[in-house]
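Here is the structure we will look at, set down as structure tokens.
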Amino acid sequence: MPRCASPRSSWARFGSSPPFCVQISNEKVIDLDTFNQILDLDEDDTHDFSLGMTQAYFSQAATTFVEMDKAFDRKDLTKLSSLGHFLKGSSAALGVSAVQATCEHIQHYGALRDEENGTDLTEEDALAKIGPLLKRVKREYEVAEKWLTDWYKQNATPAEA
């Protein structure tokens, strides 16, 4: 069972005893192996590069959630599948694994497919499964956003003017 860290933990680039995940409902929210790989792209302790990626992700996610809600209201399963796929990829790139996993379910359900059970779904069944997932993915995102924001507040050195 992986150990999990509080967003308020202070680790110097995850030091000698790195935490492995941040949890919500016993699922990983942040994959620190992936996040560490992004941090390795930073040239210095300002973390300007990874912070820019993170801020772009926050903006993308906010826009995507609005689009998902509209698609759900219109019962546009094709659009939900596409948006789930898009946000899954963005989340995976940054290590936001809980959002990634939930978006993968939205992607498959939007395509009228239950991959866990290997069955096809009706539109009605797919929408019934996606509705609760939209609420869940937003909660997972909020936890991830807070964790990432706290991490940068604690670990990024302001750039010199």
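Identifiers for the structure tokens are assigned positionally: chains receive A, B, ... in sequence, residues are indexed from 1 per chain, and ligands are indexed from 1 in the order shown.
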Helix (DSSP H, G or I) positions in chain A, given as a PyMOL selection string: chain A and resi 32-39+48-73+77-94+97-110+123-155
Those of chain A in DSSP strand (DSSP E), formatted as a VMD selection string: chain A and resid 23 to 24 27 to 28 113 to 114 119 to 120
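Closest approach to A:Phe35 among A:Pro132, A:Met53, A:Val99, A:Lys75 is made by A:Met53 (distances from only C-alpha atoms).
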Option closest in space to A:Ser81, from A:Gln107, A:Gln100, A:Gln37, A:Asn117 [counting only C-alpha atoms]: A:Gln107
Surrounding residues of stretch 118-127 of chain A excluding itself and chain neighbours under 5 positions, 12 Å, only C-alpha atoms, as a list in words: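 Final neighbour list, sorted by chain and number: Met68, Asp69, Ala71, Phe72, Asp73, Arg74, Lys75, Asp76, Leu77, Thr78, Leu80, Ser81, His105, Ile106, Gln107, His108, Tyr109, Gly110, Ala111, Leu112, Arg113, Pro132, Leu133 and Leu134 of chain A.
What separates atom CA of A:Arg136 from atom CA of A:Ala101 is a distance of 11.0 Å.
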For A:Leu148, please output as an mmCIF file with C-alpha atoms, in the first residue's frame all residues within 12 Å (counting only C-alpha atoms; exclusion window: fewer than 6 positions along the same chain).
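Once written, out_12.cif looks like this:
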data_model
loop_
_atom_site.group_PDB
_atom_site.id
_atom_site.type_symbol
_atom_site.label_atom_id
_atom_site.label_comp_id
_atom_site.auth_asym_id
_atom_site.auth_seq_id
_atom_site.Cartn_x
_atom_site.Cartn_y
_atom_site.Cartn_z
ATOM 1 C CA SER A 6 -0.142 15.817 2.986
ATOM 2 C CA PRO A 7 -0.033 18.783 0.607
ATOM 3 C CA ARG A 8 1.618 20.726 3.412
ATOM 4 C CA SER A 9 4.591 18.366 3.604
ATOM 5 C CA VAL A 22 -1.874 12.222 -2.380
ATOM 6 C CA VAL A 29 -4.463 12.197 -6.955
ATOM 7 C CA ILE A 30 -0.864 13.080 -7.845
ATOM 8 C CA ASP A 31 1.615 10.634 -9.353
ATOM 9 C CA LEU A 32 4.857 11.963 -7.925
ATOM 10 C CA PHE A 35 5.492 15.196 -11.313
ATOM 11 C CA LEU A 39 10.312 19.183 -12.136
ATOM 12 C CA SER A 50 6.859 23.466 -14.505
ATOM 13 C CA LEU A 51 4.847 26.248 -12.879
ATOM 14 C CA GLY A 52 3.906 27.526 -16.337
ATOM 15 C CA MET A 53 2.810 24.020 -17.342
ATOM 16 C CA THR A 54 0.787 23.720 -14.155
ATOM 17 C CA GLN A 55 -0.924 27.079 -14.623
ATOM 18 C CA TYR A 57 -3.264 22.928 -16.987
ATOM 19 C CA PHE A 58 -5.404 24.800 -14.447
ATOM 20 C CA LEU A 94 1.387 16.551 -15.270
ATOM 21 C CA GLY A 95 0.814 13.503 -13.055
ATOM 22 C CA VAL A 96 -2.730 14.357 -11.961
ATOM 23 C CA TYR A 141 -9.235 18.313 -9.532
ATOM 24 C CA GLU A 142 -9.800 20.648 -6.556
ATOM 25 C CA GLN A 154 6.471 26.100 -0.495
ATOM 26 C CA ASN A 155 9.143 25.130 -3.002
ATOM 27 C CA ALA A 156 9.455 27.672 -5.805
#
